[in-house]
file query-v7.txt (compact mmCIF, C-alpha atoms)
# COMPACT_ATOMS: atom_id res chain seq x y z
CA MET A 1 0.00 0.00 0.00
CA ALA A 2 1.34 3.41 -0.98
CA GLN A 3 2.27 5.72 1.86
CA ARG A 4 -0.15 8.62 2.20
CA SER A 5 1.19 12.15 2.11
CA PRO A 6 0.79 13.92 5.48
CA GLY A 7 -0.42 17.09 3.73
CA LEU A 8 0.79 20.63 4.37
CA ILE A 9 -0.35 20.86 8.00
CA GLY A 10 0.94 17.38 8.75
CA ALA A 11 4.32 18.16 7.15
CA ILE A 12 4.63 21.36 9.19
CA ARG A 13 3.77 19.46 12.38
CA ILE A 14 6.40 16.80 11.57
CA ASP A 15 9.04 19.44 10.86
CA LEU A 16 8.33 21.35 14.07
CA THR A 17 8.42 18.14 16.08
CA ARG A 18 11.75 17.09 14.58
CA LEU A 19 13.14 20.60 15.11
CA HIS A 20 12.23 20.46 18.78
CA GLU A 21 13.58 16.93 19.14
CA THR A 22 16.84 18.08 17.55
CA TRP A 23 17.02 20.84 20.16
CA MET A 24 16.29 18.37 22.95
CA GLU A 25 19.02 16.01 21.75
CA VAL A 26 21.65 18.71 22.30
CA VAL A 27 21.41 17.89 26.03
CA PHE A 28 19.35 14.71 26.32
CA PRO A 29 20.06 11.43 24.45
CA ARG A 30 17.79 9.55 22.04
CA GLN A 31 15.34 12.34 21.28
CA LEU A 32 15.52 12.79 17.51
CA ASP A 33 15.95 9.15 16.48
CA PRO A 34 15.23 6.84 19.41
CA GLY A 35 16.83 3.41 19.30
CA HIS A 36 14.59 0.45 18.49
CA VAL A 37 15.70 -1.38 21.61
CA LEU A 38 16.06 1.37 24.20
CA GLY A 39 13.42 3.72 22.83
CA LYS A 40 13.21 7.44 23.58
CA TRP A 41 15.03 8.61 26.69
CA LYS A 42 12.76 9.95 29.46
CA PRO A 43 13.67 11.67 32.76
CA GLU A 44 13.55 9.47 35.83
CA THR A 45 14.32 11.79 38.74
CA GLY A 46 12.84 15.09 39.82
CA VAL A 47 15.97 17.01 38.86
CA GLN A 48 16.05 15.36 35.42
CA THR A 49 12.36 16.13 34.90
CA ALA A 50 12.78 19.78 35.84
CA GLY A 51 15.81 20.16 33.56
CA TYR A 52 14.07 18.29 30.75
CA TYR A 53 10.98 20.49 30.66
CA LEU A 54 12.95 23.68 31.24
CA TRP A 55 15.15 22.87 28.25
CA ALA A 56 12.03 22.02 26.23
CA ALA A 57 10.45 25.38 27.10
CA ILE A 58 13.59 27.27 26.11
CA GLY A 59 13.55 25.50 22.75
CA LEU A 60 10.01 26.48 21.77
CA PRO A 61 10.74 30.08 20.67
CA LEU A 62 13.95 28.92 19.00
CA VAL A 63 11.96 26.40 16.98
CA LEU A 64 9.57 29.13 15.82
CA ILE A 65 12.54 31.26 14.76
CA GLY A 66 14.33 28.36 13.13
CA TYR A 67 11.42 27.09 11.05
CA PRO A 68 11.54 29.92 8.43
CA LEU A 69 15.27 29.24 8.08
CA LEU A 70 14.46 25.57 7.60
CA LEU A 71 12.10 26.47 4.76
CA ILE A 72 14.88 28.46 3.11
CA GLY A 73 17.06 25.38 3.46
CA TYR A 74 14.40 23.23 1.79
CA GLY A 75 14.10 25.69 -1.12
CA THR A 76 17.87 25.96 -1.55
CA ARG A 77 18.23 22.18 -1.47
CA PHE A 78 15.44 21.78 -4.06
CA TYR A 79 17.23 23.94 -6.64
CA ALA A 80 20.71 22.71 -5.66
CA ILE A 81 19.69 19.11 -6.31
CA ARG A 82 18.43 19.99 -9.77
CA LEU A 83 21.54 21.98 -10.64
CA ASP A 84 23.70 19.18 -9.29
CA SER A 85 21.76 16.66 -11.38
CA ALA A 86 22.35 18.73 -14.51
CA ALA A 87 26.04 19.09 -13.65
CA THR A 88 26.28 15.33 -13.10
CA ARG A 89 24.93 14.64 -16.57
CA LEU A 90 27.32 17.15 -18.13
CA GLY A 91 30.36 16.47 -15.98
CA ILE A 92 32.92 19.12 -15.07
CA ILE A 93 34.31 19.37 -18.61
CA GLY A 94 30.81 19.52 -20.06
CA ALA A 95 29.74 22.25 -17.64
CA VAL A 96 32.83 24.29 -18.50
CA LEU A 97 32.24 23.81 -22.23
CA VAL A 98 28.61 24.92 -21.92
CA SER A 99 29.69 28.01 -20.00
CA ILE A 100 32.36 28.80 -22.59
CA VAL A 101 29.88 28.43 -25.46
CA VAL A 102 27.21 30.59 -23.79
CA TRP A 103 29.61 33.31 -22.71
CA GLY A 104 31.48 33.03 -26.02
CA VAL A 105 28.30 33.86 -27.91
CA LEU A 106 27.70 36.81 -25.59
CA SER A 107 31.29 37.95 -26.14
CA ALA A 108 30.86 37.79 -29.91
CA VAL A 109 27.62 39.78 -29.70
CA ALA A 110 29.26 42.33 -27.41
CA SER A 111 32.29 42.68 -29.66
CA TYR A 112 30.03 43.55 -32.57
CA GLN A 113 27.72 45.82 -30.58
CA PHE A 114 30.42 47.83 -28.83
CA GLY A 115 32.97 47.85 -31.63
CA THR A 116 33.10 49.96 -34.77
CA VAL A 117 29.93 49.63 -36.80
CA GLY A 118 30.15 46.59 -39.02
CA THR A 119 33.46 45.44 -37.57
CA ILE A 120 34.74 43.53 -34.57
CA SER A 121 36.86 45.52 -32.14
CA LEU A 122 38.81 43.53 -29.59
CA ASN A 123 39.49 46.71 -27.60
CA ALA A 124 35.82 47.55 -27.09
CA GLU A 125 34.95 47.99 -23.41
CA GLY A 126 31.72 46.05 -23.80
CA PHE A 127 33.57 43.10 -25.26
CA LEU A 128 36.16 43.13 -22.46
CA ALA A 129 33.35 43.33 -19.91
CA VAL A 130 31.65 40.20 -21.20
CA VAL A 131 34.94 38.31 -21.57
CA ALA A 132 35.97 39.17 -18.01
CA ALA A 133 32.57 38.12 -16.70
CA SER A 134 32.74 34.88 -18.68
CA VAL A 135 36.10 33.94 -17.17
CA VAL A 136 34.87 34.56 -13.63
CA ALA A 137 31.60 32.69 -14.21
CA THR A 138 33.28 29.71 -15.88
CA VAL A 139 36.01 29.29 -13.25
CA SER A 140 33.58 29.71 -10.35
CA ALA A 141 31.05 27.29 -11.84
CA ALA A 142 33.77 24.70 -12.48
CA LEU A 143 35.00 25.01 -8.88
CA ALA A 144 31.44 24.64 -7.57
CA VAL A 145 30.95 21.42 -9.56
CA LEU A 146 34.39 20.11 -8.56
CA PHE A 147 33.82 20.74 -4.85
CA SER A 148 30.34 19.22 -4.95
CA ARG A 149 31.84 16.08 -6.53
CA ALA A 150 34.46 15.85 -3.78
CA GLY A 151 31.73 14.64 -1.45
CA GLY A 152 31.13 15.28 2.20
CA ARG A 153 28.85 17.77 3.91
CA ALA A 154 31.74 19.92 5.13
CA VAL A 155 33.25 20.32 1.65
CA SER A 156 29.88 21.26 0.18
CA VAL A 157 29.17 23.85 2.85
CA LEU A 158 32.66 25.36 3.06
CA LEU A 159 33.64 25.30 -0.63
CA ALA A 160 30.90 24.32 -3.10
CA TYR A 161 28.21 26.78 -2.03
CA PRO A 162 30.58 29.79 -1.80
CA ALA A 163 31.88 28.97 -5.29
CA ALA A 164 28.31 28.83 -6.60
CA MET A 165 27.50 32.21 -5.02
CA THR A 166 30.67 33.63 -6.55
CA ALA A 167 29.57 32.39 -9.99
CA LEU A 168 26.27 34.20 -9.44
CA PHE A 169 27.44 37.52 -7.98
CA LEU A 170 30.88 38.30 -9.38
CA PRO A 171 30.41 38.24 -13.21
CA PRO A 172 28.22 41.39 -13.41
CA VAL A 173 30.52 43.21 -10.97
CA VAL A 174 33.63 42.27 -12.96
CA ALA A 175 31.86 43.30 -16.17
CA ALA A 176 31.05 46.67 -14.62
CA LEU A 177 34.78 47.38 -14.24
CA PHE A 178 34.97 47.62 -18.03
CA GLU A 179 31.49 48.84 -18.98
CA PRO A 180 30.42 52.38 -17.87
CA THR A 181 26.73 51.64 -18.38
CA LEU A 182 26.86 48.79 -15.87
CA GLN A 183 28.90 50.94 -13.48
CA GLU A 184 26.06 53.45 -13.27
CA THR A 185 23.74 50.73 -11.96
CA ILE A 186 25.91 48.25 -10.04
CA PHE A 187 28.38 50.55 -8.27
CA PRO A 188 25.87 52.97 -6.64
CA TRP A 189 23.71 50.04 -5.52
CA SER A 190 26.80 48.30 -4.13
CA GLU A 191 27.74 51.47 -2.22
CA ASP A 192 24.27 51.69 -0.67
CA LEU A 193 24.47 48.03 0.35
CA ALA A 194 27.94 48.51 1.81
CA ILE A 195 26.78 51.52 3.85
CA GLY A 196 23.80 49.56 5.15
CA ILE A 197 26.00 46.64 6.22
CA LEU A 198 28.68 48.84 7.80
CA ASP A 199 26.16 50.96 9.69
CA GLY A 200 24.16 47.87 10.65
CA PRO A 201 25.63 44.44 11.53
CA LEU A 202 29.29 45.56 11.32
CA SER A 203 28.82 48.59 13.56
CA VAL A 204 29.32 46.39 16.63
CA GLY A 205 32.65 47.06 18.30
CA GLY A 206 33.63 49.73 15.79
CA LEU A 207 34.39 47.17 13.08
CA ASN A 208 32.84 49.45 10.46
CA ASP A 209 35.32 52.24 11.26
CA ILE A 210 38.26 49.84 10.84
CA ILE A 211 36.96 48.65 7.47
CA ARG A 212 36.40 52.23 6.27
CA GLU A 213 39.95 53.16 7.25
CA GLN A 214 41.56 50.14 5.60
CA PHE A 215 39.51 49.76 2.41
CA THR A 216 38.30 52.08 -0.33
CA LEU A 217 35.26 51.05 -2.35
CA GLU A 218 36.47 51.73 -5.85
CA GLY A 219 37.69 49.66 -8.79
CA THR A 220 38.57 46.15 -7.69
CA GLY A 221 37.27 47.05 -4.23
CA TYR A 222 33.79 46.27 -5.56
CA VAL A 223 34.96 42.81 -6.60
CA LEU A 224 36.48 42.19 -3.16
CA MET A 225 33.27 43.41 -1.53
CA TRP A 226 31.06 40.99 -3.44
CA LEU A 227 33.55 38.18 -2.97
CA SER A 228 33.46 38.82 0.79
CA LEU A 229 29.66 38.64 0.62
CA SER A 230 29.52 35.55 -1.60
CA VAL A 231 31.60 33.37 0.72
CA PRO A 232 29.62 33.86 3.98
CA LEU A 233 26.33 33.76 2.05
CA GLY A 234 27.42 30.44 0.57
CA TRP A 235 28.27 29.17 4.04
CA PHE A 236 24.90 30.37 5.31
CA LEU A 237 22.87 28.68 2.55
CA GLY A 238 25.02 25.54 2.69
CA GLY A 239 24.49 25.40 6.45
CA LEU A 240 20.73 25.72 5.99
CA VAL A 241 20.76 22.86 3.47
CA ALA A 242 22.72 20.72 5.94
CA PHE A 243 20.18 21.72 8.60
CA ALA A 244 17.33 20.70 6.26
CA ASN A 245 19.01 17.34 5.63
CA ILE A 246 19.09 16.67 9.37
CA ILE A 247 15.46 17.61 9.97
CA ARG A 248 14.08 16.05 6.79
CA PRO A 249 16.57 13.80 4.96
CA LYS A 250 16.40 13.73 1.15
CA ASP A 251 14.68 10.35 1.11
CA ASP A 252 11.87 11.80 3.23
CA SER A 253 11.33 14.89 1.06

call {"tool": "encode", "arguments": {"input": "query-v7.txt", "output": "structure tokens"}}
result
Amino acid sequence: MAQRSPGLIGAIRIDLTRLHETWMEVVFPRQLDPGHVLGKWKPETGVQTAGYYLWAAIGLPLVLIGYPLLLIGYGTRFYAIRLDSAATRLGIIGAVLVSIVVWGVLSAVASYQFGTVGTISLNAEGFLAVVAASVVATVSAALAVLFSRAGGRAVSVLLAYPAAMTALFLPPVVAALFEPTLQETIFPWSEDLAIGILDGPLSVGGLNDIIREQFTLEGTGYVLMWLSLSVPLGWFLGGLVAFANIIRPKDDS
């Protein structure tokens, strides 16, 4: 008999229960996946009971905060699996070749559009912009596929996801270094984002003042800025996917 789907409400209830059991297992054994022989651990003394329910109460608000993050992890895993499946079919060389072909076509179009009318100009800024972006995108995508093939949750979180974020964020920024039209859009928006981050999360302990003194946001500084954002964002999303795999393994999705 086919297993019935628990439905949306049932799935949410299962996720919240597993989240709370994961929290409980930080201190108490056999909460998330009780053994078949010993079963789920339960407090036996008054002190254990008090500690058990106190820890459970502390975990309730954390579960409510963590559930939206878990949903982000589910969504990220959904698209990552499909991209990984496509990369598996192509292989690393195939993925690189596809990237080269796609960006090569864009480079050819840009060389014609930004060059002298009716001719191809290799010195055109638009052409250089697309070529630079293509190199960054191709290298980053190849590294993401390579790291994902290396296997292991730690390698995926620490290396594969940051490389994928780099492939997404850096090409337009690198292209903007050569193309004035892109500079007018990307650089002011990057400056606003940098100001928001420095005056917000990085204002603790005067870290923003140190960064402002040591770094100038111009030229390659924009590339370094987005690289510094891509890596922790990749770690964050990779961590959420690992979190989702703990709460709801792939086979249970």

call {"tool": "closest_residue", "arguments": {"input": "query-v7.txt", "among": "A:Gly51, A:Val157, A:Trp226, A:Val63", "to": "Leu193 (chain A)", "atoms": "only C-alpha atoms"}}
result
A:Trp226

call {"tool": "closest_residue", "arguments": {"input": "query-v7.txt", "among": "A:Leu143, A:Leu19, A:Leu217, A:Val241", "to": "Ala163 (chain A)", "atoms": "all atoms listed in the file"}}
result
A:Leu143

call {"tool": "closest_residue", "arguments": {"input": "query-v7.txt", "among": "A:Trp23, A:Phe243, A:Trp41, A:Phe169", "to": "Gly73 (chain A)", "atoms": "only C-alpha atoms"}}
result
A:Phe243

call {"tool": "residues_near_point", "arguments": {"input": "query-v7.txt", "point": "(18.6, 14.6, 24.6)", "cutoff": "12 Å", "atoms": "all atoms listed in the file", "output": "PyMOL selection string"}}
result
chain A and resi 20-34+40-43+48+51-53+55-56

call {"tool": "axis_aligned_box", "arguments": {"input": "query-v7.txt", "around": "region 41-48 of chain A", "padding_each_side": "8 Å", "output": "lines of an AutoDock Vina configuration file"}}
result
center_x = 14.4
center_y = 12.8
center_z = 33.3
size_x = 19.3
size_y = 24.4
size_z = 29.1

call {"tool": "atom_distance", "arguments": {"input": "query-v7.txt", "atom1": "CA of Ser190 (chain A)", "atom2": "CA of Ala132 (chain A)"}}
result
19.0 Å
